[in-house]
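Remarks on the structure that follows.
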Amino acid sequence: MKKILTIKKTVTIIAICFGMCTPILINGCVESKAVAAKSGAQLWAENCQRCHNTPSPTSFSSEQWKTIGMHMQTRAMITNNEKNKIVEFLQSTSHN
Amino acid sequence: MKLNKVIPFLLLSTIFNTRAGNLFAQDAPAAVISSASESQFMVAGLTTFGFVNQTTTNTLGGVKSTDKYNSLGDADRFEFSPMLLWRHGDNLLLEFEPSFDGTNIGVNWADIAYFVSPGLIIKGGYLVLPFGTYTKRLAAGWINKLASDPIGVDIAGTDFGIEVEGGLPLGNMKWSYDISLTNGMQLDNYGVVSGVGISAINNGKTVCGRLALLPFPNSSLEIGVSGLYGAIATPQGATFSNTNATDTKGPMASMYAIDLNYVKNFNPIQLNIKGQYNVSMVTKQNYLNPVDSTQTYSFTNTTSAAFAQISLRPVQSKNRVLKNLELAFRYSNYMTPQNSTWGQNYTEEDVALDYWLSWRTVLKIAYENINSDGTSSVAISGVQGSTTVSRMIIQFSTEF
């Protein structure tokens with residue numbers, strides 16, 4: 001039981017620290033120039049294959065890609081910039 | 001200080017601070033997405049079906065029995081799951097995935113997501129818990145390289161609650177966080193943990209979270225750690241009790257997981273390595289002996305599950321057939337508590353040859369070999385025999 005109480009205290013402390021630090025972490029996180037310079041096509045190639053094959057841009061319409069981009073942001077935890085660039089790339093080549 | 005009071009406060013303060021910050025490093029995106037309509041509804045989804053030929057050999061007390069089975073509908077791996085996505089503007093997304101498994105219609109997830117800021121998403125509803133990565137990202141048939149799911153990795157499952165998550169840059173690296181607060185689990189009279197559902201029957205809540213780091217700029221490697229902690233509900237009619245008679249608290253659960261994902265192209269081969277290890281612990285209880293109800297028994301209620309898989313695909317090959325072939329292998333281990341009524345040591349080796357008909361449609365030919373040795377206590381009607389299963393599967397899976 002002592003061990004469990006220790007775990008509970010530890011989890012509580014971590015949760016408090018994380019909660020307090022999250023705004024700083026979120027606001028303070030920046031990407032390097034090299035990462036910022038990546039194109040949507042490159043990010044599409046690098047990130048989608050982490051879970052599944054890279055999707056064909058023609059599989060969905062431009063509006064659908066926007067919705068799927070949001071869905072993938074909640075699943076794969078890609079950053080907002082990555083999502084925006086990948087969706088823009090897919091929209092630009094989706095033909096509809 | 002109770003976790004179920006601390007966490008909502010932290011969530012609210014995080015949202016307030018983040019919205020008020022106006023210091024978003026990501027607020028200057030290089031890309032601006034066109035927004036033709038305010039609302040968009042779409043239906044996607046997946047289906048998986050196939051054929052299975054299976055031989056099961058049970059050995060109990062030196063006596064062997066064999067059972068053969070084949071079915072054109074592979075009942076254990078059949079799935080038809082339309083996925084409904086409804087986007088409203090740039091900040092709201094409803095996600096709903098019902099699923100028919102051949103017998104029942106269930107729901108994989110049903111939630112609403114609010115995109116608060118570039119690095120913060122809040123979700124509410126019926127959520128896949130952020131514990132490891134397999135259940136949330138890799139379980140779909142058209143994503144899974146093998147024909148079956150690795151046993152035991154979905155122990156945290158799906159639950160009702162709220163979740164905050166986000167992916168963020170970190171120089172050349174990236175990291176992500178994903179934290180949920182949910183109703184939690186319950187314990188049955190044999191020590192098996194399961195989801196409590198929509199009605200919390202105790203006032204405790206379960207906190208679950210995952211932190212991940214992608215250390216390389218090309219996102220090829222992801223390492224994640226997960227934890228879950230919470231009070232376990234005691235259903236009406238429960239016959240177990242705390243082993244410490246002076247402790248009036250109900251059972252508690254703690255779970256931990258580590259996961260790894262590495263995908264890299266070494267021309268012409270794409271190397272794909274995935275793995276996860278998770279362990280679940282429930283505080284010790286006295287359970288009623290099913291053989292003699294005047295007696296109780298106890299055991300260390302620890303369950304572990306692990307899998308490691310590797311797949312190779314010559315994606316850069318100039319041969320059209322060869323470039324669509326993928327060879328995958330997975331080893332899984334699942335150990336349930338020794339000296340319980342359900343103790344077993346389960347190992348599984350799977351191998352599959354996949355042919356990709358498109359980026360989201362695959363035909364798999366798989367062979368699976370499973371060995372399971374009972375580790376339960378005979379004194380409480382447990383079975384200590386062993387089971388060997390070998391099966392051949394032909395499986396088709398697509399996303400639409």
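Following the order of the structure tokens, first chain is A, next is B, and so on, with residues numbered from 1 inside each chain and ligands from 1 in the order they appear.
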Inset, instruction - Please provide the set of residues having any atom within 8 Å of Glu163 of chain B, restricted to only C-alpha atoms, with same-chain residues fewer than 6 positions apart removed, written as a list in words. - result: Ile122, Lys123, Gly124, Leu127, Asp178, Ile179, Ser180 and Leu181 of chain B
Inset, instruction - With a distance cut-off of 12 Å and only C-alpha atoms, select the neighbouring residues of Glu38 of chain B, excluding the residue or stretch itself and same-chain residues fewer than 2 positions from it, and output the selection as a VMD selection string. - result: (chain A and resid 63 66 to 67) or (chain B and resid 34 to 36 40 to 41 86 to 93)
Expected file: the selected residues, C-alpha atoms, as a compact mmCIF listing (two decimals), in the first residue's frame:
```txt
# COMPACT_ATOMS: atom_id res chain seq x y z
CA GLU A 63 -12.57 20.12 -48.43
CA LYS A 66 -9.08 19.76 -44.52
CA THR A 67 -11.35 17.60 -42.34
CA SER B 34 -8.30 27.55 -48.06
CA SER B 35 -11.65 27.63 -46.29
CA ALA B 36 -14.40 27.26 -48.85
CA GLN B 40 -18.14 19.84 -43.95
CA PHE B 41 -19.45 16.32 -43.36
CA TRP B 86 -18.14 16.48 -39.25
CA ARG B 87 -16.01 19.60 -39.29
CA HIS B 88 -17.45 22.92 -38.28
CA GLY B 89 -15.17 25.82 -39.19
CA ASP B 90 -11.52 25.50 -38.26
CA ASN B 91 -11.94 24.59 -34.61
CA LEU B 92 -14.58 21.90 -34.16
CA LEU B 93 -14.55 18.30 -35.28
```
Legend entry - From B:Ala110, B:Ile151, B:Leu85, B:Leu327, residue lying nearest chain A [only C-alpha atoms]: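 Of B:Ala110, B:Ile151, B:Leu85, B:Leu327, the one nearest chain A, counting only C-alpha atoms, is B:Leu85.
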Inset, instruction - Could you check which of B:Val263, B:Ala306, B:Ile162, B:Met255 is closest to chain A, using only C-alpha atoms? - result: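 Nearest to chain A: B:Val263.
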Inset, instruction - Identify, on the basis of only C-alpha atoms, every residue whose closest approach to Gly209 of chain B does not exceed 10 Å; exclude the query and any residue fewer than 4 positions from it along the same chain; express the result as a ChimeraX atom specification. - result: /A:15 /B:129-132,163-165,177-181,225-229,256
Excluding Phe329 of chain B and any residue of its chain fewer than 3 positions from it, enumerate the residues within 7 Å of it, using only C-alpha atoms, and give them as a PDB file with C-alpha atoms, in the first residue's frame.
```pdb
ATOM      1  CA  GLN B 309       7.251  -6.172 -35.077  1.00  0.00           C
ATOM      2  CA  ILE B 310       9.358  -5.532 -38.125  1.00  0.00           C
ATOM      3  CA  SER B 311       8.321  -5.181 -41.730  1.00  0.00           C
ATOM      4  CA  ASP B 350       3.010 -14.043 -36.694  1.00  0.00           C
ATOM      5  CA  VAL B 351       4.368 -13.694 -40.177  1.00  0.00           C
ATOM      6  CA  ALA B 352       2.578 -12.113 -43.129  1.00  0.00           C
TER       7      ALA B 352
END
```
Inset, instruction - Take atom CA of Lys85 of chain A and atom CA of Ala41 of chain A and report the distance between them in Å, one decimal. - result: 8.0 Å
Inset, instruction - Find the spatial neighbours of Lys274 of chain B, counting only C-alpha atoms, within a cut-off of 8 Å - ignore same-chain residues fewer than 4 positions away - and output them as a count of residues only. - result: 7
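Proximity ranking of A:Met77, A:Cys48, A:Ile13, A:Met72 relative to chain B places A:Met77 first, based on only C-alpha atoms.
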Inset, instruction - Determine which residues of segment 277-381 of chain B receive a DSSP assignment of helix (DSSP H, G or I), computed from the backbone, and state them as an MDAnalysis selection string. - result: chainID B and resid 322:324 378:380
Legend entry - Residues within 7 Å of Ser304 of chain B, only C-alpha atoms, excluding chain neighbours under 5 positions, as a list in words: Asn278, Val279, Ser280, Tyr334, Met335 and Thr336 of chain B
